[in-house]
Amino acid sequence: MTPEARMEVGLPRDPSGFVRRQCPHCQRTFKTLPSPFDARVLQRRLASIFPFENVDEGFEPVPSWHCLYCGHHADGDEWLARDHCDYLEALARGWANHVRYEQLSHVSRTLSQNPRPTFVAVAPDALPEGPGADPEDLRLVPMVCCGEDVKSQWDWDGPFYCPRCGTRHGEPHGRHQMQLEFIQE
Ligand SMILES: [Zn+2]
Ligand SMILES: [Zn+2]
């Protein structure tokens, strides 16, 4: 692969099309539908690790989000899941190696008349594979405030905060209240 080659990078989706996010505060994961700003977040994360010449590094704003569980409010750039970040870092490092290899190969090609070459460019490893499809592992929670579905961990029985607008929604099933009523009867 040459540095001119196209590199397509995206966040993996689960079978119903949702993308995993991770709260930078409580570290819990939830899922939302893909955001039109995901590409910009990925670009920016990659560019922060390896300065791609063709990436616009402008700081165009990305909407901020709220954590579904703890309500933490943070910039849209901060919700990448940890394994997504690991993949992006490996990808940026691999890409940098490919670029360096091309540059070194170019130098050794143009210095082919040199009777005593001082180095040999070593071919880099292939770029890392993406994280693959995400499993269908969370439960669907409708956010009535914004008319969007999100996905929550199964064992969460606290209130929910809408990731988009931050509205707090009460206990998901009124489970505690129901248990109390049964005891009193
Ligand atoms: Zn959180
Ligand atoms: Zn909302």
# chains A, B, ... in the order shown; residues from 1 in each chain; ligands from 1
>>> closest_atom_pairs(of="chain A", to="ligand 1", cutoff="12 Å", atoms="only C-alpha atoms and all ligand atoms", output="JSON lines")
{"residue": "A:Arg21", "atom": "CA", "partner": "ligand 1", "partner_atom_place_in_ligand_line": "1 (Zn)", "distance": 10.3}
{"residue": "A:Gln22", "atom": "CA", "partner": "ligand 1", "partner_atom_place_in_ligand_line": "1 (Zn)", "distance": 7.7}
{"residue": "A:Cys23", "atom": "CA", "partner": "ligand 1", "partner_atom_place_in_ligand_line": "1 (Zn)", "distance": 4.5}
{"residue": "A:Pro24", "atom": "CA", "partner": "ligand 1", "partner_atom_place_in_ligand_line": "1 (Zn)", "distance": 6.7}
{"residue": "A:His25", "atom": "CA", "partner": "ligand 1", "partner_atom_place_in_ligand_line": "1 (Zn)", "distance": 5.1}
{"residue": "A:Cys26", "atom": "CA", "partner": "ligand 1", "partner_atom_place_in_ligand_line": "1 (Zn)", "distance": 4.0}
{"residue": "A:Gln27", "atom": "CA", "partner": "ligand 1", "partner_atom_place_in_ligand_line": "1 (Zn)", "distance": 6.0}
{"residue": "A:Arg28", "atom": "CA", "partner": "ligand 1", "partner_atom_place_in_ligand_line": "1 (Zn)", "distance": 5.9}
{"residue": "A:Thr29", "atom": "CA", "partner": "ligand 1", "partner_atom_place_in_ligand_line": "1 (Zn)", "distance": 8.1}
{"residue": "A:Phe30", "atom": "CA", "partner": "ligand 1", "partner_atom_place_in_ligand_line": "1 (Zn)", "distance": 9.4}
{"residue": "A:Trp65", "atom": "CA", "partner": "ligand 1", "partner_atom_place_in_ligand_line": "1 (Zn)", "distance": 10.5}
{"residue": "A:His66", "atom": "CA", "partner": "ligand 1", "partner_atom_place_in_ligand_line": "1 (Zn)", "distance": 7.8}
{"residue": "A:Cys67", "atom": "CA", "partner": "ligand 1", "partner_atom_place_in_ligand_line": "1 (Zn)", "distance": 4.5}
{"residue": "A:Leu68", "atom": "CA", "partner": "ligand 1", "partner_atom_place_in_ligand_line": "1 (Zn)", "distance": 6.6}
{"residue": "A:Tyr69", "atom": "CA", "partner": "ligand 1", "partner_atom_place_in_ligand_line": "1 (Zn)", "distance": 5.3}
{"residue": "A:Cys70", "atom": "CA", "partner": "ligand 1", "partner_atom_place_in_ligand_line": "1 (Zn)", "distance": 4.2}
{"residue": "A:Gly71", "atom": "CA", "partner": "ligand 1", "partner_atom_place_in_ligand_line": "1 (Zn)", "distance": 6.0}
{"residue": "A:His72", "atom": "CA", "partner": "ligand 1", "partner_atom_place_in_ligand_line": "1 (Zn)", "distance": 5.4}
{"residue": "A:His73", "atom": "CA", "partner": "ligand 1", "partner_atom_place_in_ligand_line": "1 (Zn)", "distance": 8.5}
{"residue": "A:Ala74", "atom": "CA", "partner": "ligand 1", "partner_atom_place_in_ligand_line": "1 (Zn)", "distance": 9.9}
{"residue": "A:Glu78", "atom": "CA", "partner": "ligand 1", "partner_atom_place_in_ligand_line": "1 (Zn)", "distance": 11.4}
{"residue": "A:Trp79", "atom": "CA", "partner": "ligand 1", "partner_atom_place_in_ligand_line": "1 (Zn)", "distance": 9.9}
{"residue": "A:Ser152", "atom": "CA", "partner": "ligand 1", "partner_atom_place_in_ligand_line": "1 (Zn)", "distance": 11.7}
{"residue": "A:Trp156", "atom": "CA", "partner": "ligand 1", "partner_atom_place_in_ligand_line": "1 (Zn)", "distance": 11.9}
{"residue": "A:Gly158", "atom": "CA", "partner": "ligand 1", "partner_atom_place_in_ligand_line": "1 (Zn)", "distance": 12.0}
{"residue": "A:Pro159", "atom": "CA", "partner": "ligand 1", "partner_atom_place_in_ligand_line": "1 (Zn)", "distance": 11.9}
{"residue": "A:Phe160", "atom": "CA", "partner": "ligand 1", "partner_atom_place_in_ligand_line": "1 (Zn)", "distance": 10.4}
{"residue": "A:Tyr161", "atom": "CA", "partner": "ligand 1", "partner_atom_place_in_ligand_line": "1 (Zn)", "distance": 9.6}
{"residue": "A:Cys162", "atom": "CA", "partner": "ligand 1", "partner_atom_place_in_ligand_line": "1 (Zn)", "distance": 11.6}
{"residue": "A:Pro163", "atom": "CA", "partner": "ligand 1", "partner_atom_place_in_ligand_line": "1 (Zn)", "distance": 10.1}
{"residue": "A:Gly166", "atom": "CA", "partner": "ligand 1", "partner_atom_place_in_ligand_line": "1 (Zn)", "distance": 11.8}
>>> residues_near_ligand(ligand="ligand 2", cutoff="6 Å", atoms="only C-alpha atoms and all ligand atoms", output="ChimeraX atom specification")
/A:145-146,162,164-165,167
>>> write_last_selection(atoms="N, CA and C atoms", output="CSV table (one decimal), in the first residue's frame")
chain,number,residue,atom,x,y,z
A,145,CYS,N,-37.9,12.2,24.7
A,145,CYS,CA,-37.6,13.6,24.5
A,145,CYS,C,-37.1,13.9,23.1
A,146,CYS,N,-36.2,13.1,22.6
A,146,CYS,CA,-35.7,13.4,21.3
A,146,CYS,C,-36.2,12.4,20.2
A,162,CYS,N,-30.8,11.4,28.5
A,162,CYS,CA,-30.8,11.3,27.1
A,162,CYS,C,-29.4,11.8,26.6
A,164,ARG,N,-28.4,12.9,23.9
A,164,ARG,CA,-28.5,14.0,23.0
A,164,ARG,C,-28.8,15.3,23.8
A,165,CYS,N,-29.9,15.3,24.6
A,165,CYS,CA,-30.3,16.6,25.2
A,165,CYS,C,-30.1,16.6,26.7
A,167,THR,N,-31.9,15.3,29.1
A,167,THR,CA,-33.0,15.1,29.9
A,167,THR,C,-33.0,13.9,30.8
>>> closest_residue(among="A:Val62, A:Ala92, A:Ala81, A:Val141", to="A:Ser48", atoms="only C-alpha atoms")
A:Ala92
>>> select_by_dssp(residues="stretch 3-69 of chain A", states="strand (DSSP E or B)", output="NGL selection string")
:A and (13 or 19-22 or 29-32 or 65-66)
>>> write_last_selection(atoms="N, CA, C and O atoms", output="mmCIF file, in the first residue's frame")
data_model
loop_
_atom_site.group_PDB
_atom_site.id
_atom_site.type_symbol
_atom_site.label_atom_id
_atom_site.label_comp_id
_atom_site.auth_asym_id
_atom_site.auth_seq_id
_atom_site.Cartn_x
_atom_site.Cartn_y
_atom_site.Cartn_z
ATOM 1 N N ARG A 13 -20.672 -1.395 13.688
ATOM 2 C CA ARG A 13 -22.074 -1.333 14.125
ATOM 3 C C ARG A 13 -22.526 -2.715 14.557
ATOM 4 O O ARG A 13 -21.985 -3.715 14.099
ATOM 5 N N VAL A 19 -24.031 1.997 17.279
ATOM 6 C CA VAL A 19 -22.589 2.137 17.502
ATOM 7 C C VAL A 19 -22.328 2.268 18.999
ATOM 8 O O VAL A 19 -23.026 3.007 19.698
ATOM 9 N N ARG A 20 -21.331 1.544 19.484
ATOM 10 C CA ARG A 20 -21.012 1.568 20.912
ATOM 11 C C ARG A 20 -20.266 2.847 21.282
ATOM 12 O O ARG A 20 -19.396 3.308 20.551
ATOM 13 N N ARG A 21 -20.615 3.403 22.414
ATOM 14 C CA ARG A 21 -19.955 4.600 22.959
ATOM 15 C C ARG A 21 -19.533 4.283 24.385
ATOM 16 O O ARG A 21 -20.134 3.436 25.025
ATOM 17 N N GLN A 22 -18.533 5.013 24.874
ATOM 18 C CA GLN A 22 -18.107 4.787 26.249
ATOM 19 C C GLN A 22 -17.989 6.120 26.968
ATOM 20 O O GLN A 22 -17.388 7.074 26.453
ATOM 21 N N THR A 29 -20.624 1.556 29.004
ATOM 22 C CA THR A 29 -20.877 1.661 27.567
ATOM 23 C C THR A 29 -22.373 1.662 27.275
ATOM 24 O O THR A 29 -23.165 1.067 28.004
ATOM 25 N N PHE A 30 -22.740 2.357 26.241
ATOM 26 C CA PHE A 30 -24.105 2.346 25.720
ATOM 27 C C PHE A 30 -23.993 2.487 24.213
ATOM 28 O O PHE A 30 -22.890 2.583 23.672
ATOM 29 N N LYS A 31 -25.133 2.443 23.539
ATOM 30 C CA LYS A 31 -25.079 2.547 22.082
ATOM 31 C C LYS A 31 -26.075 3.587 21.597
ATOM 32 O O LYS A 31 -27.152 3.737 22.154
ATOM 33 N N THR A 32 -25.679 4.260 20.546
ATOM 34 C CA THR A 32 -26.598 5.171 19.864
ATOM 35 C C THR A 32 -26.509 4.869 18.372
ATOM 36 O O THR A 32 -25.591 4.173 17.925
ATOM 37 N N TRP A 65 -22.202 15.451 24.168
ATOM 38 C CA TRP A 65 -23.139 14.393 24.550
ATOM 39 C C TRP A 65 -23.231 14.264 26.060
ATOM 40 O O TRP A 65 -22.352 14.721 26.785
ATOM 41 N N HIS A 66 -24.302 13.557 26.482
ATOM 42 C CA HIS A 66 -24.472 13.220 27.900
ATOM 43 C C HIS A 66 -24.384 11.715 28.047
ATOM 44 O O HIS A 66 -24.811 10.968 27.167
#
>>> residues_around(residues="A:Pro15", least_positions_apart="6", cutoff="9 Å", atoms="only C-alpha atoms", output="JSON, numbers by chain")
{"A": [133, 134, 135, 136]}
>>> closest_residue(among="A:Asp157, A:Glu129, A:Asp14, A:Glu102", to="A:Asp86", atoms="only C-alpha atoms")
A:Glu129
